[in-house]
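**Q** What follows is the file entry.cif, containing mmCIF, C-alpha atoms and all ligand atoms:
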```cif
data_work
loop_
_atom_site.label_atom_id
_atom_site.label_comp_id
_atom_site.auth_asym_id
_atom_site.auth_seq_id
_atom_site.Cartn_x
_atom_site.Cartn_y
_atom_site.Cartn_z
CA MET A 1 130.87 282.51 -23.84
CA GLU A 2 128.86 279.31 -24.23
CA ARG A 3 131.97 277.41 -25.26
CA ILE A 4 133.91 278.76 -22.28
CA LEU A 5 131.05 277.94 -19.90
CA ALA A 6 130.84 274.36 -21.17
CA ASP A 7 134.60 273.99 -20.78
CA ALA A 8 134.42 275.46 -17.27
CA VAL A 9 132.05 272.65 -16.29
CA ALA A 10 134.48 270.10 -17.76
CA MET A 11 137.44 271.75 -15.98
CA LYS A 12 135.61 271.43 -12.67
CA ARG A 13 134.66 267.81 -13.27
CA THR A 14 138.14 266.74 -14.34
CA ARG A 15 140.21 268.79 -11.89
CA GLY A 16 143.38 266.90 -11.00
CA ALA A 17 143.03 264.61 -14.01
CA HIS A 18 143.21 266.86 -17.08
CA LYS A 19 144.33 264.88 -20.10
CA THR A 20 146.01 267.86 -21.81
CA LYS A 21 148.16 270.67 -20.45
CA PRO A 22 147.45 273.54 -22.84
CA LEU A 23 149.90 275.92 -21.13
CA ALA A 24 152.82 273.47 -20.97
CA GLY A 25 156.14 275.29 -21.29
CA GLN A 26 154.50 278.71 -21.04
CA THR A 27 154.96 281.57 -18.59
CA TRP A 28 151.91 283.76 -17.88
CA MET A 29 152.29 287.05 -16.10
CA LEU A 30 149.82 288.41 -13.57
CA LEU A 31 150.29 292.17 -13.55
CA PHE A 32 148.24 293.75 -10.75
CA SER A 33 147.89 297.42 -9.79
CA LYS A 34 145.08 296.70 -7.31
CA SER A 35 144.60 294.29 -4.39
CA SER A 36 143.27 290.79 -5.00
CA THR A 37 142.62 287.55 -3.17
CA ARG A 38 140.40 285.44 -5.42
CA THR A 39 141.56 286.58 -8.84
CA ARG A 40 145.23 286.24 -8.02
CA VAL A 41 144.97 282.85 -6.34
CA SER A 42 142.59 281.35 -8.90
CA PHE A 43 144.75 282.45 -11.84
CA GLU A 44 148.00 281.31 -10.23
CA VAL A 45 146.53 277.91 -9.37
CA GLY A 46 144.74 277.64 -12.72
CA ILE A 47 147.82 278.42 -14.81
CA SER A 48 149.82 275.82 -12.85
CA GLU A 49 147.12 273.20 -13.25
CA LEU A 50 147.16 273.75 -17.02
CA GLY A 51 150.92 273.13 -17.10
CA GLY A 52 152.09 276.76 -17.19
CA ARG A 53 154.15 278.89 -14.87
CA PRO A 54 152.47 281.93 -13.28
CA MET A 55 154.60 284.99 -12.59
CA PHE A 56 153.01 287.55 -10.28
CA LEU A 57 154.15 291.16 -10.66
CA SER A 58 152.85 294.05 -8.62
CA ALA A 59 152.71 297.07 -10.94
CA ALA A 60 154.27 299.16 -8.17
CA ASP A 61 157.37 296.93 -8.10
CA ILE A 62 158.27 297.13 -11.79
CA GLN A 63 159.33 300.17 -13.84
CA LEU A 64 155.69 300.68 -14.83
CA GLY A 65 155.17 302.01 -11.30
CA ARG A 66 157.90 304.60 -11.94
CA GLY A 67 156.34 305.85 -15.12
CA GLU A 68 157.51 303.50 -17.88
CA PRO A 69 154.70 303.57 -20.47
CA ILE A 70 152.28 300.65 -20.78
CA LYS A 71 153.14 300.24 -24.45
CA ASP A 72 156.85 299.80 -23.69
CA THR A 73 156.16 297.38 -20.84
CA ALA A 74 153.87 295.48 -23.19
CA ARG A 75 156.48 295.22 -25.94
CA VAL A 76 159.04 293.83 -23.48
CA MET A 77 156.58 291.29 -22.10
CA GLY A 78 155.44 290.30 -25.58
CA ARG A 79 158.97 289.12 -26.34
CA MET A 80 159.35 287.03 -23.19
CA ILE A 81 156.07 285.64 -21.94
CA HIS A 82 153.11 283.85 -23.45
CA GLY A 83 150.11 285.60 -21.92
CA ALA A 84 149.10 288.28 -19.45
CA ILE A 85 146.45 288.67 -16.79
CA PHE A 86 146.09 292.35 -16.05
CA ARG A 87 144.25 294.05 -13.14
CA THR A 88 144.37 297.81 -13.19
CA PHE A 89 142.39 301.05 -13.19
CA ALA A 90 141.86 302.18 -16.79
CA GLN A 91 140.28 299.77 -19.26
CA SER A 92 142.29 301.50 -22.00
CA ASP A 93 145.52 300.34 -20.31
CA VAL A 94 144.51 296.68 -20.69
CA GLU A 95 143.56 297.29 -24.30
CA GLU A 96 146.84 299.10 -24.98
CA PHE A 97 148.78 296.27 -23.36
CA ALA A 98 146.98 293.72 -25.55
CA GLN A 99 147.65 295.75 -28.69
CA TYR A 100 151.37 296.34 -28.09
CA SER A 101 152.27 293.00 -26.51
CA GLY A 102 150.63 290.85 -29.17
CA ILE A 103 150.00 288.12 -26.60
CA PRO A 104 146.69 286.94 -25.10
CA THR A 105 145.72 289.50 -22.47
CA ILE A 106 142.97 288.79 -19.95
CA ASN A 107 141.11 291.53 -18.09
CA ALA A 108 141.34 290.63 -14.38
CA LEU A 109 139.29 293.73 -13.40
CA THR A 110 139.45 297.35 -14.40
CA ASP A 111 137.41 300.33 -13.21
CA ALA A 112 135.11 299.58 -16.13
CA GLU A 113 134.70 295.78 -16.30
CA HIS A 114 135.21 292.46 -14.49
CA PRO A 115 134.40 289.82 -17.10
CA CYS A 116 136.07 286.79 -15.45
CA GLN A 117 133.86 287.26 -12.40
CA ILE A 118 130.65 287.18 -14.39
CA LEU A 119 131.63 284.02 -16.29
CA ALA A 120 132.20 282.25 -12.95
CA ASP A 121 128.88 283.62 -11.67
CA ILE A 122 126.99 282.34 -14.69
CA GLN A 123 128.63 278.95 -14.24
CA THR A 124 127.34 279.02 -10.65
CA ILE A 125 123.80 279.90 -11.76
CA LEU A 126 123.84 277.13 -14.38
CA GLU A 127 124.81 274.56 -11.74
CA THR A 128 121.44 275.05 -10.06
CA ARG A 129 119.17 276.26 -12.87
CA LYS A 130 120.52 274.32 -15.89
CA THR A 131 119.35 277.05 -18.32
CA LEU A 132 119.49 280.83 -18.58
CA LYS A 133 116.14 280.90 -20.42
CA GLY A 134 113.74 283.26 -18.66
CA LEU A 135 116.34 284.20 -16.06
CA VAL A 136 115.97 287.51 -14.21
CA VAL A 137 119.09 288.82 -12.47
CA THR A 138 118.71 291.83 -10.16
CA PHE A 139 121.83 293.76 -9.25
CA VAL A 140 121.49 295.95 -6.15
CA GLY A 141 123.97 298.68 -5.16
CA ASP A 142 126.57 300.61 -7.15
CA GLY A 143 125.05 299.89 -10.54
CA ALA A 144 127.72 301.72 -12.48
CA CYS A 145 130.81 299.86 -11.28
CA ASN A 146 132.74 297.14 -13.08
CA VAL A 147 130.70 294.12 -11.92
CA PRO A 148 127.21 295.29 -13.01
CA VAL A 149 128.69 296.61 -16.27
CA SER A 150 130.06 293.16 -17.08
CA TRP A 151 126.62 291.76 -16.14
CA MET A 152 125.14 294.13 -18.75
CA PHE A 153 127.30 292.70 -21.52
CA ALA A 154 126.57 289.14 -20.39
CA ALA A 155 122.81 289.78 -20.31
CA ALA A 156 122.90 291.19 -23.81
CA LYS A 157 125.02 288.35 -25.22
CA LEU A 158 123.21 285.50 -23.49
CA GLY A 159 119.69 286.95 -23.65
CA PHE A 160 118.49 287.15 -20.04
CA GLU A 161 116.88 290.07 -18.19
CA LEU A 162 119.05 292.27 -16.00
CA ARG A 163 117.58 294.75 -13.54
CA ILE A 164 119.84 297.31 -11.90
CA ALA A 165 118.54 298.88 -8.69
CA ALA A 166 120.68 301.88 -7.83
CA PRO A 167 120.41 305.57 -7.03
CA LYS A 168 120.32 307.68 -10.23
CA LYS A 169 123.93 308.72 -9.70
CA PHE A 170 125.07 305.08 -9.60
CA GLN A 171 123.18 303.82 -12.62
CA PRO A 172 125.02 302.99 -15.86
CA SER A 173 125.17 305.80 -18.42
CA ALA A 174 122.80 305.93 -21.39
CA ALA A 175 125.81 305.45 -23.67
CA LEU A 176 126.78 302.24 -21.89
CA LEU A 177 123.20 300.92 -22.01
CA LYS A 178 123.15 301.60 -25.72
CA ARG A 179 126.49 299.86 -26.21
CA ALA A 180 125.37 296.76 -24.29
CA ASP A 181 122.00 296.75 -26.07
CA GLY A 182 120.34 294.12 -23.90
CA ARG A 183 117.16 293.70 -21.86
CA ILE A 184 118.33 295.94 -19.05
CA ILE A 185 116.05 297.85 -16.67
CA CYS A 186 117.52 300.55 -14.42
CA THR A 187 115.48 301.78 -11.49
CA GLU A 188 115.77 303.48 -8.11
CA ASP A 189 112.97 301.23 -6.84
CA VAL A 190 114.88 298.37 -5.21
CA LYS A 191 111.70 296.52 -4.18
CA ALA A 192 110.27 296.54 -7.69
CA ALA A 193 113.61 295.32 -9.05
CA ALA A 194 113.75 292.44 -6.58
CA ARG A 195 110.20 291.23 -7.16
CA ASP A 196 110.19 287.69 -8.60
CA ALA A 197 113.88 287.82 -9.48
CA ASP A 198 115.79 284.54 -9.84
CA VAL A 199 119.05 286.06 -8.63
CA LEU A 200 119.78 288.93 -6.25
CA TYR A 201 123.36 290.09 -6.72
CA THR A 202 125.44 292.73 -5.01
CA ASP A 203 128.98 294.11 -4.83
CA VAL A 204 130.79 296.55 -2.57
CA TRP A 205 129.50 300.12 -2.35
CA VAL A 206 133.06 301.46 -2.46
CA SER A 207 135.11 299.91 -5.22
CA MET A 208 138.90 299.95 -5.26
CA GLY A 209 140.08 303.41 -6.19
CA LYS A 210 136.90 305.11 -4.90
CA GLU A 211 137.94 305.27 -1.24
CA ALA A 212 137.88 309.09 -1.17
CA GLU A 213 134.14 308.93 -1.93
CA SER A 214 133.39 306.46 0.90
CA ALA A 215 131.30 308.70 3.17
CA ALA A 216 129.18 310.11 0.34
CA ARG A 217 128.64 306.66 -1.18
CA LEU A 218 127.57 305.05 2.11
CA LYS A 219 124.98 307.79 2.53
CA VAL A 220 123.44 307.57 -0.93
CA LEU A 221 123.59 303.77 -1.21
CA LYS A 222 122.17 303.08 2.26
CA GLY A 223 118.82 301.75 1.03
CA TYR A 224 120.39 299.47 -1.57
CA GLN A 225 121.17 296.50 0.65
CA ILE A 226 120.34 292.83 0.12
CA ASN A 227 118.65 291.72 3.31
CA GLN A 228 115.95 289.35 4.48
CA ALA A 229 113.11 291.76 3.58
CA LEU A 230 114.40 292.05 0.01
CA VAL A 231 114.94 288.30 -0.36
CA LYS A 232 111.25 287.77 0.53
CA LEU A 233 110.27 289.71 -2.59
CA ALA A 234 112.36 287.55 -4.93
CA LYS A 235 111.30 284.14 -6.26
CA PRO A 236 111.22 281.40 -3.60
CA GLY A 237 114.68 279.80 -3.62
CA ALA A 238 116.23 282.76 -5.45
CA LEU A 239 120.02 282.75 -5.45
CA VAL A 240 121.73 285.49 -3.44
CA MET A 241 125.13 286.19 -4.91
CA HIS A 242 128.13 288.36 -4.09
CA CYS A 243 131.42 288.63 -5.96
CA LEU A 244 133.34 289.25 -2.69
CA PRO A 245 134.93 290.80 -0.71
CA ALA A 246 131.74 291.49 1.31
CA TYR A 247 131.09 294.26 3.80
CA ARG A 248 128.40 293.03 6.14
CA GLY A 249 125.93 295.67 7.25
CA LYS A 250 126.59 297.62 4.07
CA GLU A 251 125.63 296.03 0.73
CA ILE A 252 124.40 292.83 2.44
CA ASP A 253 123.41 291.98 6.00
CA ASP A 254 125.16 289.24 7.93
CA THR A 255 122.13 286.92 8.18
CA THR A 256 121.54 287.00 4.44
CA PHE A 257 125.22 286.57 3.66
CA GLU A 258 125.62 283.53 5.92
CA ALA A 259 122.35 281.96 4.74
CA ASN A 260 123.75 282.09 1.20
CA ALA A 261 127.41 281.41 1.94
CA ASP A 262 127.37 278.16 -0.01
CA THR A 263 126.38 279.92 -3.24
CA ILE A 264 128.74 282.84 -2.61
CA PHE A 265 131.79 280.67 -1.98
CA THR A 266 130.88 278.46 -4.93
CA GLN A 267 131.09 281.63 -7.03
CA ALA A 268 134.57 282.17 -5.62
CA GLU A 269 135.58 278.56 -6.34
CA ASN A 270 134.20 278.75 -9.87
CA ARG A 271 136.64 281.57 -10.62
CA LEU A 272 139.26 278.82 -10.82
CA HIS A 273 137.32 276.59 -13.20
CA ALA A 274 135.94 279.38 -15.42
CA GLN A 275 139.33 281.05 -15.76
CA LYS A 276 140.99 277.77 -16.67
CA ALA A 277 138.42 277.58 -19.47
CA ILE A 278 139.26 281.17 -20.49
CA LEU A 279 142.99 280.33 -20.54
CA ASN A 280 142.31 277.20 -22.58
CA TRP A 281 140.23 279.24 -25.05
CA ALA A 282 142.96 281.89 -25.28
CA VAL A 283 145.56 279.37 -26.48
CA SER A 284 143.39 277.19 -28.68
N1 LIG B 301 135.91 289.03 -6.68
C1 LIG B 301 137.21 289.34 -6.86
O1 LIG B 301 137.64 289.70 -7.95
O2 LIG B 301 137.97 289.19 -5.75
P1 LIG B 301 139.48 289.68 -5.54
O3 LIG B 301 139.46 291.20 -5.57
O4 LIG B 301 139.86 289.14 -4.21
O5 LIG B 301 140.32 289.15 -6.65
N1 LIG B 302 133.60 296.54 -7.68
C1 LIG B 302 134.63 295.95 -6.86
C2 LIG B 302 134.85 294.52 -7.26
C3 LIG B 302 135.84 293.78 -6.39
C4 LIG B 302 136.09 292.38 -6.86
C5 LIG B 302 135.91 296.75 -6.99
O1 LIG B 302 136.25 297.17 -8.08
O2 LIG B 302 136.57 296.97 -5.95
#
```
Represent the structure of the file as structure tokens.
**A**
Amino acid sequence: MERILADAVAMKRTRGAHKTKPLAGQTWMLLFSKSSTRTRVSFEVGISELGGRPMFLSAADIQLGRGEPIKDTARVMGRMIHGAIFRTFAQSDVEEFAQYSGIPTINALTDAEHPCQILADIQTILETRKTLKGLVVTFVGDGACNVPVSWMFAAAKLGFELRIAAPKKFQPSAALLKRADGRIICTEDVKAAARDADVLYTDVWVSMGKEAESAARLKVLKGYQINQALVKLAKPGALVMHCLPAYRGKEIDDTTFEANADTIFTQAENRLHAQKAILNWAVS
């Protein structure tokens, strides 16, 4: 992760003037079963800027959408393309694709994890803080969805404190906490979690695929909003972050979102630079 983060900084600094094109002559597939703005655009642009050709495929438009197994799709792709960026529901589908295709396969979000997002977020934090030493990140909202879970693995690997403020039902499972094995505090007390934090972070209350649970989720998650009152409890100058898309009035209020728009859209921009570093790592 440290190597990728250092390369992400270099990718940002040298954009438009990269000396090497590590994906020259390669075709990389983006296979998406869920909607995307940032991930799709940043990968398509990033692959092109590294000399490769991106090929976007909606899962619904290929035979996969009509029931062809992942492992067969993967074996076809493995004989034709050089790498895959896969956004889908089950984490096991991405892992199966990687196993059967034999080509680099990047997780572009599953129900379980969103690792590319968190790398870009950490790049964003490092641009203002310089070090992760002593960092406290507080995630507020649906603490069991893909984004906080990837934060858990990052916290454990990089050694910072992660607090997850969420209703009991939306906290990560004990098994997941054990697997991550980091300094991770889960609580229903959103104020205690926010106190003296360096970063307040949130994500949608209703993730893709959970639409049927919307009404119930909005009710239970109501108190888990990043707003001006919560920001006051965090460290002065604390970063307020959001992976986007944002639903104002739900997980964050409009005033707080707009006051922190520069950080939030820098996170979005850093998806490009961080993912170029991931691509570079995958082929080197
Ligand atoms: N944050 C993020 O992954 O955005 P998209 O769903 O637009 O790709
Ligand atoms: N947790 C959200 C992240 C969107 C980028 C979702 O899965 O919809």
**Q** With all atoms listed in the file as the counted atoms, please give the residues lying no more than 7 Å from A:Ile264, apart from itself and same-chain residues fewer than 3 positions off, as a list in words.
**A**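 Once the nearby chain positions are removed, what remains is Met241, His242, Asn260, Ala261, Gln267 and Ala268 of chain A.
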**Q** I need the chosen residues saved as a compact mmCIF listing (two decimals), keeping the file's coordinate frame, with C-alpha atoms.
**A**
```
# COMPACT_ATOMS: atom_id res chain seq x y z
CA MET A 241 125.13 286.19 -4.91
CA HIS A 242 128.13 288.36 -4.09
CA ASN A 260 123.75 282.09 1.20
CA ALA A 261 127.41 281.41 1.94
CA GLN A 267 131.09 281.63 -7.03
CA ALA A 268 134.57 282.17 -5.62
```
**Q** What does the distance between atom CA of A:Leu230 and atom CA of A:Leu126 come to in Å, to one decimal place?
**A**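 Computed distance, atom CA of A:Leu230 to atom CA of A:Leu126, equals 22.8 Å.
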**Q** Separation of atom CA of A:Asp262 and atom CA of A:Gly209, in Å?
**A**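 One can read the atom CA of A:Asp262 to atom CA of A:Gly209 distance as 28.9 Å.
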**Q** What is the atom CA of A:Arg75 to atom CA of A:Thr110 distance in Å?
**A**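 Atom CA of A:Thr110 lies at a distance of 20.7 Å from atom CA of A:Arg75.
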**Q** Select from stretch 212-284 of chain A every residue with an atom at most 12 Å from any atom of stretch 41-46 of chain A, then for each give the shortest pair of atoms and their distance in Å to one decimal, using all atoms listed in the file, rows by chain and rising number, as JSON lines.
**A**
```
{"residue": "A:Gln267", "atom": "CA", "partner": "A:Ser42", "partner_atom": "CA", "distance": 11.7}
{"residue": "A:Ala268", "atom": "CA", "partner": "A:Ser42", "partner_atom": "CA", "distance": 8.7}
{"residue": "A:Glu269", "atom": "CA", "partner": "A:Ser42", "partner_atom": "CA", "distance": 8.0}
{"residue": "A:Asn270", "atom": "CA", "partner": "A:Ser42", "partner_atom": "CA", "distance": 8.8}
{"residue": "A:Arg271", "atom": "CA", "partner": "A:Ser42", "partner_atom": "CA", "distance": 6.2}
{"residue": "A:Leu272", "atom": "CA", "partner": "A:Ser42", "partner_atom": "CA", "distance": 4.6}
{"residue": "A:His273", "atom": "CA", "partner": "A:Gly46", "partner_atom": "CA", "distance": 7.5}
{"residue": "A:Ala274", "atom": "CA", "partner": "A:Gly46", "partner_atom": "CA", "distance": 9.4}
{"residue": "A:Gln275", "atom": "CA", "partner": "A:Phe43", "partner_atom": "CA", "distance": 6.8}
{"residue": "A:Lys276", "atom": "CA", "partner": "A:Gly46", "partner_atom": "CA", "distance": 5.4}
{"residue": "A:Ala277", "atom": "CA", "partner": "A:Gly46", "partner_atom": "CA", "distance": 9.2}
{"residue": "A:Ile278", "atom": "CA", "partner": "A:Gly46", "partner_atom": "CA", "distance": 10.1}
{"residue": "A:Leu279", "atom": "CA", "partner": "A:Gly46", "partner_atom": "CA", "distance": 8.5}
{"residue": "A:Asn280", "atom": "CA", "partner": "A:Gly46", "partner_atom": "CA", "distance": 10.2}
```
**Q** Between A:Ala24, A:Met77, A:Leu239, A:Met1, single out the one closest to A:Ile125, counting all atoms listed in the file.
**A**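 That would be A:Leu239, the residue with the smallest distance to A:Ile125.
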**Q** With distances taken over all atoms listed in the file, which residue among A:Lys235, A:Arg87, A:Arg66, A:Lys210 lies nearest ligand LIG 301 (chain B)?
**A**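 Between A:Lys235, A:Arg87, A:Arg66, A:Lys210, the residue approaching ligand LIG 301 (chain B) most closely is A:Arg87.
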**Q** Point out the residue among A:Asp142, A:Tyr100, A:Arg217, A:Ile122 with the least atom-to-atom distance to A:Thr73, counting all atoms listed in the file.
**A** A:Tyr100
**Q** (145.1, 292.6, -5.8) in this file's frame - what residues fall within 12 Å of it? Use only C-alpha atoms and give the answer as number ranges by chain.
**A** A: 30-43, 56-60, 85-89, 108-110, 208-209, 245
**Q** So which residues are near ligand LIG 302 (chain B), meaning at most 7 Å away with all atoms listed in the file counted, given back as a JSON list (two decimals) with C-alpha atoms, in the frame of the given file?
**A**
```json
[["chain", "number", "residue", "atom", "x", "y", "z"],
["A", 111, "ASP", "CA", 137.41, 300.33, -13.21],
["A", 145, "CYS", "CA", 130.81, 299.86, -11.28],
["A", 146, "ASN", "CA", 132.74, 297.14, -13.08],
["A", 147, "VAL", "CA", 130.70, 294.12, -11.92],
["A", 203, "ASP", "CA", 128.98, 294.11, -4.83],
["A", 204, "VAL", "CA", 130.79, 296.55, -2.57],
["A", 206, "VAL", "CA", 133.06, 301.46, -2.46],
["A", 207, "SER", "CA", 135.11, 299.91, -5.22],
["A", 208, "MET", "CA", 138.90, 299.95, -5.26],
["A", 243, "CYS", "CA", 131.42, 288.63, -5.96],
["A", 244, "LEU", "CA", 133.34, 289.25, -2.69],
["A", 245, "PRO", "CA", 134.93, 290.80, -0.71]]
```
**Q** Nearest to ligand LIG 301 (chain B) among A:Ala194, A:Cys186, A:Ile118, A:Ala90, with distances taken over all atoms listed in the file: which residue is it?
**A**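 Closest to ligand LIG 301 (chain B), using all atoms listed in the file: A:Ile118.
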**Q** Could you check the closest approach to ligand LIG 301 (chain B) for each of A:Thr131, A:Asn227, A:Thr138, A:Asn107 and tell me which residue wins, using only C-alpha atoms and all ligand atoms?
**A**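 Answer, going by the shortest atom-to-atom distance: A:Asn107.
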**Q** Pick out the closest residue to ligand LIG 301 (chain B) from this set: A:Thr263, A:Thr256, A:Gln117, A:Ser92. Count only C-alpha atoms and all ligand atoms.
**A**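 Checking each of A:Thr263, A:Thr256, A:Gln117, A:Ser92 against ligand LIG 301 (chain B), counting only C-alpha atoms and all ligand atoms, the winner is A:Gln117.
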**Q** Taking all listed atoms of ligand LIG 301 (chain B), build the axis-aligned box, pad each of the six sides by 6 Å, then write its centre and edge lengths in Å to one decimal as JSON.
**A**
```
{"center_x": 138.1, "center_y": 290.1, "center_z": -6.1, "size_x": 16.4, "size_y": 14.2, "size_z": 15.7}
```
**Q** Write out as a PyMOL selection string which residues come within 12 Å of A:Ala165 when counting only C-alpha atoms, dropping same-chain ones fewer than 4 positions away.
**A** chain A and resi 137-144+148+169-172+184-195+200-202+221+223-226+230
**Q** Tell me, as a list in words, which residues lie within 9 Å of A:Leu218, counting all atoms listed in the file; anything in the same chain fewer than 3 positions away does not count.
**A**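 Counting all atoms listed in the file, the residues come to Trp205, Val206, Glu213, Ser214, Ala215, Leu221, Lys222 and Lys250 of chain A.
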**Q** If I only have part of stretch 3-16 of chain A, can you fill in N, CA and C atoms and write it as a PDB file, keeping the file's coordinate frame?
**A**
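In the end it all went to result-v9.pdb:
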```
ATOM      1  N   ARG A   3     130.874 278.395 -25.174  1.00  0.00           N
ATOM      2  CA  ARG A   3     131.970 277.410 -25.260  1.00  0.00           C
ATOM      3  C   ARG A   3     132.803 277.436 -23.970  1.00  0.00           C
ATOM      4  N   ILE A   4     133.106 278.624 -23.506  1.00  0.00           N
ATOM      5  CA  ILE A   4     133.910 278.760 -22.280  1.00  0.00           C
ATOM      6  C   ILE A   4     133.152 278.168 -21.083  1.00  0.00           C
ATOM      7  N   LEU A   5     131.841 278.447 -21.033  1.00  0.00           N
ATOM      8  CA  LEU A   5     131.050 277.940 -19.900  1.00  0.00           C
ATOM      9  C   LEU A   5     130.994 276.405 -19.901  1.00  0.00           C
ATOM     10  N   ALA A   6     130.869 275.832 -21.096  1.00  0.00           N
ATOM     11  CA  ALA A   6     130.840 274.360 -21.170  1.00  0.00           C
ATOM     12  C   ALA A   6     132.196 273.800 -20.739  1.00  0.00           C
ATOM     13  N   ASP A   7     133.265 274.455 -21.150  1.00  0.00           N
ATOM     14  CA  ASP A   7     134.600 273.990 -20.780  1.00  0.00           C
ATOM     15  C   ASP A   7     134.840 274.165 -19.271  1.00  0.00           C
ATOM     16  N   ALA A   8     134.269 275.217 -18.708  1.00  0.00           N
ATOM     17  CA  ALA A   8     134.420 275.460 -17.270  1.00  0.00           C
ATOM     18  C   ALA A   8     133.825 274.298 -16.462  1.00  0.00           C
ATOM     19  N   VAL A   9     132.682 273.802 -16.944  1.00  0.00           N
ATOM     20  CA  VAL A   9     132.050 272.650 -16.290  1.00  0.00           C
ATOM     21  C   VAL A   9     132.980 271.434 -16.375  1.00  0.00           C
ATOM     22  N   ALA A  10     133.558 271.234 -17.561  1.00  0.00           N
ATOM     23  CA  ALA A  10     134.480 270.100 -17.760  1.00  0.00           C
ATOM     24  C   ALA A  10     135.723 270.267 -16.890  1.00  0.00           C
ATOM     25  N   MET A  11     136.249 271.482 -16.810  1.00  0.00           N
ATOM     26  CA  MET A  11     137.440 271.750 -15.980  1.00  0.00           C
ATOM     27  C   MET A  11     137.157 271.403 -14.521  1.00  0.00           C
ATOM     28  N   LYS A  12     135.964 271.709 -14.067  1.00  0.00           N
ATOM     29  CA  LYS A  12     135.610 271.430 -12.670  1.00  0.00           C
ATOM     30  C   LYS A  12     135.506 269.922 -12.443  1.00  0.00           C
ATOM     31  N   ARG A  13     134.879 269.260 -13.402  1.00  0.00           N
ATOM     32  CA  ARG A  13     134.660 267.810 -13.270  1.00  0.00           C
ATOM     33  C   ARG A  13     135.979 267.037 -13.315  1.00  0.00           C
ATOM     34  N   THR A  14     136.916 267.519 -14.130  1.00  0.00           N
ATOM     35  CA  THR A  14     138.140 266.740 -14.340  1.00  0.00           C
ATOM     36  C   THR A  14     139.346 267.323 -13.588  1.00  0.00           C
ATOM     37  N   ARG A  15     139.090 268.163 -12.613  1.00  0.00           N
ATOM     38  CA  ARG A  15     140.210 268.790 -11.890  1.00  0.00           C
ATOM     39  C   ARG A  15     141.132 267.706 -11.302  1.00  0.00           C
ATOM     40  N   GLY A  16     142.414 267.876 -11.517  1.00  0.00           N
ATOM     41  CA  GLY A  16     143.380 266.900 -11.000  1.00  0.00           C
ATOM     42  C   GLY A  16     143.633 265.766 -11.980  1.00  0.00           C
TER      43      GLY A  16
END
```
